[in-house]
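**Q** One structure, as structure tokens, below. Some questions next.
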Amino acid sequence: MAVITVSRQLGSIGDLVAHRASEVLSYDFVDKNIITEVAREANVPESEVEKFDEQTQSAVKRFIHSLIVPSRSVPTPPAMLWGLEFPYEVSAALLAGEATVNEEKHLLDQRDYLRFLQATVQRLRKRDRVIIVGRGGQAILRDDPNTLHVRTVAPMESRIHVVMERQKLSTRKEAGDLIQKSDRRRAAYLKENYHFDWDDPALYHVVVNTGRTCLESAARIIQHSVDALNRA
């Protein structure tokens, strides 16, 4: 089995399950550090790539747009009002929504980010024996016969408890709001970029309910699934 992708609901401890499975299987574990891989692929600063990570719309594009385009109440661009210099090189193509990379200024557009991310995931697939958490891996590698797609889910009550504990939140409402925001963002990311339903169980070989399964058992389920597919 070349690769395992893990899609996780916030609060379903999918990252912990994936990490434990990587230990059991002796696989490489790729989570947030894929940002560094993408930055290296794109030859741009890591901080630039982080702005686009799992966002449905380019944050830097919105920011630049607010600096350049006058609003109805403020006819002069805000940056000029305050005497600020533009933090990025701006091109007409960027504001028009066209993908562009300015090599001198290292400006990375959303579609370029996706292209580099997809290339990075494909490169990781060729490394063999790797677990990729998030980043739309189940969509990027959907047609690869040597990839196992896993999803972790949990009941809302369990997710709230986990999020409160891990995020150091004081109220259930804060945790619930954070979970709902995360679900909407992740679903929109997959829908907008790959036209897939994030919640569709048909995207995955295995769906693990961590509300009913302990961390070790969840990791072993992934291990057994890999063994079963290898024997098939």
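Letters A, B, ... mark the chains of the structure tokens in the order given; residue numbers begin at 1 per chain; ligand numbers begin at 1, in order shown.
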Just want the 9 Å neighbourhood of Gly11 of chain A, counted on only C-alpha atoms, with same-chain residues fewer than 5 positions away dropped. Output as a list in words.

**A**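 That gives Val153, Ala154, Met156, Ser158, Arg159, Ile160, His161, Val162, Val163, Met164, Arg166 and Ile179 of chain A.
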
**Q** Please produce a file of those selected residues containing N, CA and C atoms, as a PDB file, in the first residue's frame.

**A**
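Produced file out.pdb, reproduced below:
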ATOM      1  N   VAL A 153     -14.689  10.142  12.177  1.00  0.00           N
ATOM      2  CA  VAL A 153     -15.854  10.907  12.600  1.00  0.00           C
ATOM      3  C   VAL A 153     -16.090  10.641  14.085  1.00  0.00           C
ATOM      4  N   ALA A 154     -16.977  11.422  14.681  1.00  0.00           N
ATOM      5  CA  ALA A 154     -17.336  11.214  16.082  1.00  0.00           C
ATOM      6  C   ALA A 154     -18.645  11.943  16.359  1.00  0.00           C
ATOM      7  N   MET A 156     -21.221  14.544  18.020  1.00  0.00           N
ATOM      8  CA  MET A 156     -20.971  15.937  18.350  1.00  0.00           C
ATOM      9  C   MET A 156     -20.539  16.121  19.804  1.00  0.00           C
ATOM     10  N   SER A 158     -18.892  14.131  21.718  1.00  0.00           N
ATOM     11  CA  SER A 158     -17.499  13.727  21.840  1.00  0.00           C
ATOM     12  C   SER A 158     -16.567  14.764  21.218  1.00  0.00           C
ATOM     13  N   ARG A 159     -16.952  15.300  20.083  1.00  0.00           N
ATOM     14  CA  ARG A 159     -16.129  16.299  19.407  1.00  0.00           C
ATOM     15  C   ARG A 159     -16.008  17.569  20.249  1.00  0.00           C
ATOM     16  N   ILE A 160     -17.113  17.988  20.838  1.00  0.00           N
ATOM     17  CA  ILE A 160     -17.093  19.181  21.691  1.00  0.00           C
ATOM     18  C   ILE A 160     -16.141  18.981  22.868  1.00  0.00           C
ATOM     19  N   HIS A 161     -16.206  17.813  23.480  1.00  0.00           N
ATOM     20  CA  HIS A 161     -15.330  17.518  24.617  1.00  0.00           C
ATOM     21  C   HIS A 161     -13.858  17.581  24.194  1.00  0.00           C
ATOM     22  N   VAL A 162     -13.541  16.975  23.067  1.00  0.00           N
ATOM     23  CA  VAL A 162     -12.155  16.961  22.581  1.00  0.00           C
ATOM     24  C   VAL A 162     -11.676  18.368  22.238  1.00  0.00           C
ATOM     25  N   VAL A 163     -12.506  19.127  21.547  1.00  0.00           N
ATOM     26  CA  VAL A 163     -12.116  20.472  21.136  1.00  0.00           C
ATOM     27  C   VAL A 163     -11.940  21.387  22.347  1.00  0.00           C
ATOM     28  N   MET A 164     -12.826  21.283  23.328  1.00  0.00           N
ATOM     29  CA  MET A 164     -12.683  22.086  24.543  1.00  0.00           C
ATOM     30  C   MET A 164     -11.370  21.783  25.239  1.00  0.00           C
ATOM     31  N   ARG A 166      -8.552  20.289  23.888  1.00  0.00           N
ATOM     32  CA  ARG A 166      -7.348  20.550  23.094  1.00  0.00           C
ATOM     33  C   ARG A 166      -7.162  22.029  22.795  1.00  0.00           C
ATOM     34  N   ILE A 179     -16.379  23.990  15.754  1.00  0.00           N
ATOM     35  CA  ILE A 179     -16.606  22.757  14.993  1.00  0.00           C
ATOM     36  C   ILE A 179     -17.433  23.033  13.740  1.00  0.00           C
TER      37      ILE A 179
END

**Q** Within 10 Å of segment 127-144 of chain A, counting only C-alpha atoms, which residues qualify if same-chain residues fewer than 4 places away don't, as a PyMOL selection string?

**A** chain A and resi 1-9+14-15+18-19+21-22+25-32+34-35+53-54+114+117-119+121-123+148-151+186+189-190+193-196+198+203-204

**Q** Using Å and a single decimal, report how far atom CA of Arg111 of chain A sits from atom CA of Thr152 of chain A.

**A**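 Separation between atom CA of Thr152 of chain A and atom CA of Arg111 of chain A: 27.7 Å.
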